[in-house]
$ cat input.txt   # compact mmCIF, C-alpha atoms and all ligand atoms
# COMPACT_ATOMS: atom_id res chain seq x y z
CA MET R 1 0.00 0.00 0.00
CA ARG R 2 1.38 3.39 -0.95
CA PHE R 3 1.15 6.39 1.37
CA PHE R 4 0.57 9.91 0.03
CA VAL R 5 0.43 13.05 2.14
CA ASP R 6 -2.61 15.24 1.45
CA THR R 7 -1.22 18.77 1.78
CA ALA R 8 0.31 21.70 -0.07
CA ASN R 9 2.40 22.68 2.97
CA LEU R 10 6.09 22.34 2.08
CA ASN R 11 7.22 21.78 5.68
CA GLU R 12 4.76 18.92 6.09
CA ILE R 13 5.86 17.38 2.77
CA ARG R 14 9.53 17.71 3.81
CA GLU R 15 8.84 16.08 7.19
CA ALA R 16 6.78 13.27 5.68
CA ALA R 17 9.45 12.60 3.03
CA ALA R 18 12.10 12.47 5.75
CA MET R 19 10.16 9.67 7.48
CA GLY R 20 11.18 7.39 4.60
CA ILE R 21 7.68 6.05 3.98
CA LEU R 22 6.23 8.66 1.62
CA ASP R 23 5.21 7.65 -1.91
CA GLY R 24 3.57 10.83 -3.11
CA VAL R 25 1.52 13.97 -2.50
CA THR R 26 -2.05 14.98 -3.27
CA THR R 27 -3.25 18.56 -3.33
CA ASN R 28 -6.47 20.31 -4.19
CA PRO R 29 -7.49 23.96 -4.69
CA SER R 30 -8.55 24.27 -1.03
CA LEU R 31 -5.16 23.02 0.22
CA MET R 32 -3.33 25.40 -2.15
CA ALA R 33 -5.48 28.35 -1.00
CA LYS R 34 -4.86 27.43 2.66
CA GLU R 35 -1.11 27.85 2.06
CA GLY R 36 -1.64 31.17 0.27
CA VAL R 37 -0.01 29.80 -2.90
CA LYS R 38 0.10 32.38 -5.70
CA ASP R 39 2.32 30.70 -8.31
CA VAL R 40 0.73 27.27 -8.47
CA ASN R 41 3.07 25.86 -11.12
CA ALA R 42 6.20 26.89 -9.24
CA HIS R 43 4.74 25.32 -6.10
CA TYR R 44 4.13 22.02 -7.90
CA LYS R 45 7.69 22.01 -9.25
CA THR R 46 9.03 22.50 -5.71
CA ILE R 47 6.84 19.69 -4.38
CA CYS R 48 7.97 17.35 -7.19
CA GLU R 49 11.60 18.02 -6.39
CA MET R 50 10.99 17.16 -2.72
CA VAL R 51 9.53 13.70 -3.25
CA GLY R 52 12.07 11.91 -5.46
CA ASN R 53 10.09 9.67 -7.78
CA GLY R 54 6.90 10.22 -5.75
CA ASP R 55 3.62 10.81 -7.50
CA VAL R 56 2.18 14.36 -7.19
CA SER R 57 -1.51 14.98 -7.94
CA ALA R 58 -2.08 18.49 -9.36
CA GLU R 59 -5.72 19.49 -9.72
CA VAL R 60 -7.11 21.46 -12.65
CA PHE R 61 -9.34 24.46 -11.85
CA ALA R 62 -11.28 24.39 -15.15
CA THR R 63 -14.57 22.50 -15.45
CA ASP R 64 -15.00 22.50 -19.25
CA TYR R 65 -13.31 19.96 -21.53
CA ASP R 66 -11.09 22.43 -23.40
CA GLY R 67 -10.05 24.20 -20.21
CA ILE R 68 -9.30 20.92 -18.41
CA MET R 69 -7.22 19.69 -21.37
CA LYS R 70 -5.26 22.95 -21.60
CA GLU R 71 -4.50 23.10 -17.87
CA GLY R 72 -3.83 19.38 -17.55
CA ARG R 73 -1.35 19.28 -20.44
CA LEU R 74 0.55 22.22 -18.92
CA LEU R 75 0.58 20.59 -15.49
CA ALA R 76 1.82 17.29 -16.94
CA GLN R 77 4.68 19.11 -18.68
CA LEU R 78 5.86 20.67 -15.42
CA HIS R 79 7.46 17.47 -14.12
CA SER R 80 7.34 13.73 -14.81
CA ASN R 81 5.96 13.14 -11.27
CA ILE R 82 2.73 15.02 -11.99
CA THR R 83 -0.60 13.20 -12.17
CA VAL R 84 -3.43 15.44 -13.41
CA LYS R 85 -6.32 15.52 -10.94
CA VAL R 86 -9.70 15.96 -12.63
CA PRO R 87 -13.14 16.31 -11.02
CA MET R 88 -15.77 13.60 -11.49
CA ILE R 89 -18.00 15.46 -13.96
CA PRO R 90 -18.93 14.52 -17.56
CA GLU R 91 -16.45 17.03 -19.03
CA GLY R 92 -13.79 15.65 -16.70
CA ILE R 93 -14.43 12.08 -17.80
CA LYS R 94 -14.10 13.08 -21.47
CA ALA R 95 -10.81 14.77 -20.61
CA ILE R 96 -9.58 11.68 -18.71
CA ARG R 97 -10.20 9.61 -21.85
CA THR R 98 -8.08 12.02 -23.92
CA PHE R 99 -5.34 12.30 -21.28
CA THR R 100 -5.19 8.49 -21.18
CA GLU R 101 -4.78 8.35 -24.96
CA GLU R 102 -1.97 10.90 -24.65
CA GLY R 103 -0.21 8.88 -21.94
CA ILE R 104 -0.90 11.45 -19.20
CA ARG R 105 -1.67 9.96 -15.75
CA THR R 106 -4.94 11.05 -14.14
CA ASN R 107 -6.58 11.03 -10.73
CA CYS R 108 -10.37 11.33 -10.84
CA THR R 109 -11.37 13.21 -7.70
CA LEU R 110 -14.59 13.85 -5.77
CA ILE R 111 -15.74 10.22 -6.08
CA PHE R 112 -18.69 9.48 -3.79
CA SER R 113 -20.23 6.39 -5.43
CA SER R 114 -19.13 3.10 -6.98
CA ALA R 115 -20.82 4.05 -10.26
CA GLN R 116 -18.66 7.17 -10.47
CA ALA R 117 -15.53 5.10 -9.80
CA LEU R 118 -16.51 2.63 -12.53
CA ILE R 119 -17.09 5.42 -15.06
CA ALA R 120 -13.71 6.99 -14.28
CA ALA R 121 -12.01 3.60 -14.62
CA LYS R 122 -13.72 3.00 -17.97
CA ALA R 123 -12.30 6.31 -19.20
CA GLY R 124 -8.85 5.04 -18.22
CA ALA R 125 -8.16 6.95 -14.99
CA THR R 126 -4.90 5.97 -13.31
CA TYR R 127 -6.48 6.58 -9.90
CA VAL R 128 -9.94 7.15 -8.49
CA SER R 129 -10.19 9.14 -5.26
CA PRO R 130 -13.19 8.15 -3.10
CA PHE R 131 -13.62 10.67 -0.24
CA LEU R 132 -14.47 8.41 2.66
CA GLY R 133 -14.27 10.94 5.51
CA ARG R 134 -16.72 13.29 3.83
CA LEU R 135 -19.18 10.40 3.41
CA ASP R 136 -18.83 9.53 7.11
CA ASP R 137 -19.46 13.22 7.89
CA VAL R 138 -22.92 13.04 6.31
CA GLY R 139 -23.88 9.72 7.90
CA HIS R 140 -22.90 7.38 5.06
CA ASN R 141 -20.37 4.58 5.41
CA GLY R 142 -17.25 5.71 3.58
CA MET R 143 -15.47 2.43 4.12
CA SER R 144 -18.21 0.43 2.41
CA LEU R 145 -17.59 2.55 -0.71
CA ILE R 146 -13.93 1.50 -0.70
CA ALA R 147 -15.01 -2.15 -0.34
CA SER R 148 -17.54 -1.87 -3.17
CA ILE R 149 -15.05 -0.27 -5.58
CA ARG R 150 -12.45 -2.92 -4.69
CA GLN R 151 -14.98 -5.66 -5.42
CA ILE R 152 -15.99 -4.15 -8.78
CA PHE R 153 -12.43 -3.49 -9.93
CA SER R 154 -11.40 -7.03 -8.92
CA ASN R 155 -14.43 -8.54 -10.72
CA TYR R 156 -13.27 -7.09 -14.02
CA GLY R 157 -9.50 -6.96 -13.55
CA ILE R 158 -9.64 -3.16 -13.73
CA GLU R 159 -6.17 -1.68 -13.28
CA THR R 160 -7.30 1.76 -12.08
CA GLN R 161 -5.90 2.22 -8.58
CA ILE R 162 -8.07 3.07 -5.59
CA LEU R 163 -6.62 6.14 -3.89
CA ALA R 164 -8.52 6.39 -0.62
CA ALA R 165 -8.90 10.09 0.22
CA SER R 166 -10.40 12.22 2.96
CA ILE R 167 -8.83 9.92 5.55
CA ARG R 168 -9.25 11.38 9.02
CA HIS R 169 -7.58 8.93 11.46
CA THR R 170 -5.58 5.75 11.96
CA LEU R 171 -8.58 3.39 11.90
CA HIS R 172 -9.58 4.74 8.47
CA LEU R 173 -6.10 3.91 7.20
CA VAL R 174 -6.09 0.41 8.70
CA GLN R 175 -9.53 -0.39 7.32
CA CYS R 176 -8.54 0.93 3.88
CA ALA R 177 -5.56 -1.44 3.96
CA GLU R 178 -7.88 -4.31 4.94
CA MET R 179 -10.20 -3.43 2.04
CA GLY R 180 -7.31 -3.45 -0.42
CA ALA R 181 -7.07 0.24 -1.32
CA ASP R 182 -3.93 0.69 -3.42
CA VAL R 183 -3.03 4.09 -2.01
CA ALA R 184 -4.07 6.14 1.01
CA THR R 185 -3.68 9.91 1.06
CA MET R 186 -3.67 11.43 4.52
CA PRO R 187 -3.08 14.76 6.24
CA TYR R 188 0.39 14.95 7.83
CA LYS R 189 -1.12 14.68 11.32
CA VAL R 190 -2.70 11.33 10.43
CA ILE R 191 0.65 9.99 9.20
CA GLU R 192 2.24 11.09 12.50
CA GLY R 193 -0.54 9.31 14.39
CA LEU R 194 0.23 5.99 12.68
CA PHE R 195 3.48 5.74 14.64
CA LYS R 196 1.90 6.12 18.05
CA HIS R 197 1.00 3.55 20.68
CA PRO R 198 1.14 4.15 24.45
CA LEU R 199 2.51 0.64 25.04
CA THR R 200 5.43 1.43 22.71
CA ASP R 201 6.23 4.54 24.77
CA LYS R 202 5.85 2.66 28.05
CA GLY R 203 7.91 -0.29 26.82
CA LEU R 204 10.70 1.91 25.54
CA GLU R 205 10.81 3.86 28.79
CA GLN R 206 11.31 0.61 30.71
CA PHE R 207 13.95 -0.66 28.24
CA LEU R 208 15.90 2.56 28.63
CA LYS R 209 15.72 2.35 32.44
CA ASP R 210 16.98 -1.23 32.33
CA ALA R 211 19.66 -0.44 29.74
CA ALA R 212 21.01 2.21 32.13
CA LYS R 213 21.41 -0.48 34.83
CA ILE R 214 23.50 -2.61 32.43
CA GLY R 215 26.00 -0.08 31.42
O1 LIG S 1 -7.56 15.88 -1.24
C1 LIG S 1 -8.81 15.28 -1.22
C2 LIG S 1 -9.29 14.81 0.13
O2 LIG S 1 -8.32 14.03 0.76
C3 LIG S 1 -9.88 15.89 1.00
O3 LIG S 1 -10.02 15.52 2.33
O4 LIG S 1 -10.40 16.12 4.69
O5 LIG S 1 -10.94 17.79 2.90
O6 LIG S 1 -12.34 15.77 3.22
P1 LIG S 1 -10.98 16.35 3.33

$ encode --input "input.txt" --output "structure tokens" --more "lines below"
Ligand code: G3P
Amino acid sequence: MRFFVDTANLNEIREAAAMGILDGVTTNPSLMAKEGVKDVNAHYKTICEMVGNGDVSAEVFATDYDGIMKEGRLLAQLHSNITVKVPMIPEGIKAIRTFTEEGIRTNCTLIFSSAQALIAAKAGATYVSPFLGRLDDVGHNGMSLIASIRQIFSNYGIETQILAASIRHTLHLVQCAEMGADVATMPYKVIEGLFKHPLTDKGLEQFLKDAAKIG
């Protein structure tokens, strides 16, 4: 399972990369705005240079086919790590089909149903991004969406990867792994939380006390 960090904050990306377990980065317009990014392309280039061969999802702002194609082609030319992130709308699906024919990787975002995931996969999306936390927020079971997409993709040998998004905590991540999501994208704080267990802290404290007795 690959781990992506879901942020446009360069310090968080640097810290996550330094952990040695980071496989990529996802961003979206809200995350870019939160960081006050003005030169989006320069910011993507910096992110790409920070993650080695890691995959970096860069989202288009346009919602019409021509606009999505224009922005997506420019984003893809910025760096070989870039995957073009496209919203799950009819114009976006048409664009994903063309990007696929041009050999440009895509991430279909804002997926909230299995039917949407299947449509994106049929258009050739490299990734689909189901937002499980946002489904949980409105009283639906986000994890059952991951399970359903996994089942459908396995039924037909679909190669589109499931990029579980809107992950809020450790249990989400563990359950995504159990369901067979290919990738999980998480805020930096969630990645930090994966390391933690009070028994690890307690055990280490005791080991250190005993080590001091030895020498
Ligand atoms: O980047 C897409 C997704 O991970 C957003 O998560 O927490 O805004 O629902 P969230």

$ atom_distance --input "input.txt" --atom1 "CA of Leu74 (chain R)" --atom2 "CA of Gly92 (chain R)"
15.9 Å

$ residues_near_ligand --input "input.txt" --ligand "ligand LIG 1 (chain S)" --cutoff "8 Å" --atoms "only C-alpha atoms and all ligand atoms" --output "PyMOL selection string"
chain R and resi 6-7+26-28+30-31+109-110+129+131-134+164-168+185-187

$ write_last_selection --input "input.txt" --atoms "C-alpha atoms" --output "mmCIF file, keeping the file's coordinate frame"
data_model
loop_
_atom_site.group_PDB
_atom_site.id
_atom_site.type_symbol
_atom_site.label_atom_id
_atom_site.label_comp_id
_atom_site.auth_asym_id
_atom_site.auth_seq_id
_atom_site.Cartn_x
_atom_site.Cartn_y
_atom_site.Cartn_z
ATOM 1 C CA ASP R 6 -2.610 15.240 1.450
ATOM 2 C CA THR R 7 -1.220 18.770 1.780
ATOM 3 C CA THR R 26 -2.050 14.980 -3.270
ATOM 4 C CA THR R 27 -3.250 18.560 -3.330
ATOM 5 C CA ASN R 28 -6.470 20.310 -4.190
ATOM 6 C CA SER R 30 -8.550 24.270 -1.030
ATOM 7 C CA LEU R 31 -5.160 23.020 0.220
ATOM 8 C CA THR R 109 -11.370 13.210 -7.700
ATOM 9 C CA LEU R 110 -14.590 13.850 -5.770
ATOM 10 C CA SER R 129 -10.190 9.140 -5.260
ATOM 11 C CA PHE R 131 -13.620 10.670 -0.240
ATOM 12 C CA LEU R 132 -14.470 8.410 2.660
ATOM 13 C CA GLY R 133 -14.270 10.940 5.510
ATOM 14 C CA ARG R 134 -16.720 13.290 3.830
ATOM 15 C CA ALA R 164 -8.520 6.390 -0.620
ATOM 16 C CA ALA R 165 -8.900 10.090 0.220
ATOM 17 C CA SER R 166 -10.400 12.220 2.960
ATOM 18 C CA ILE R 167 -8.830 9.920 5.550
ATOM 19 C CA ARG R 168 -9.250 11.380 9.020
ATOM 20 C CA THR R 185 -3.680 9.910 1.060
ATOM 21 C CA MET R 186 -3.670 11.430 4.520
ATOM 22 C CA PRO R 187 -3.080 14.760 6.240
#

$ closest_residue --input "input.txt" --among "R:Thr170, R:Ser144, R:Thr46, R:Gln161" --to "Ala121 (chain R)" --atoms "all atoms listed in the file"
R:Gln161

$ closest_residue --input "input.txt" --among "R:His43, R:Lys94, R:Lys34, R:Lys122" --to "Thr63 (chain R)" --atoms "only C-alpha atoms"
R:Lys94

$ residues_around --input "input.txt" --residues "Glu102 (chain R)" --least-positions-apart "3" --cutoff "12 Å" --atoms "only C-alpha atoms" --output "compact mmCIF listing (two decimals) with C-alpha atoms, in the frame of the given file"
# COMPACT_ATOMS: atom_id res chain seq x y z
CA MET R 69 -7.22 19.69 -21.37
CA GLY R 72 -3.83 19.38 -17.55
CA ARG R 73 -1.35 19.28 -20.44
CA ALA R 76 1.82 17.29 -16.94
CA ALA R 95 -10.81 14.77 -20.61
CA ILE R 96 -9.58 11.68 -18.71
CA ARG R 97 -10.20 9.61 -21.85
CA THR R 98 -8.08 12.02 -23.92
CA PHE R 99 -5.34 12.30 -21.28
CA ARG R 105 -1.67 9.96 -15.75
CA THR R 106 -4.94 11.05 -14.14
CA GLY R 124 -8.85 5.04 -18.22

$ closest_residue --input "input.txt" --among "R:Leu171, R:Ala212, R:Leu22, R:Ile47" --to "Gly193 (chain R)" --atoms "only C-alpha atoms"
R:Leu171

$ atom_distance --input "input.txt" --atom1 "CA of Gly157 (chain R)" --atom2 "CA of Thr126 (chain R)"
13.7 Å

$ axis_aligned_box --input "input.txt" --around "region 101-107 of chain R" --padding-each-side "4 Å" --output "JSON"
{"center_x": -3.4, "center_y": 9.9, "center_z": -17.8, "size_x": 14.4, "size_y": 11.1, "size_z": 22.2}

$ residues_around --input "input.txt" --residues "Ser80 (chain R)" --least-positions-apart "5" --cutoff "9 Å" --atoms "all atoms listed in the file" --output "PyMOL selection string"
chain R and resi 48+53+55
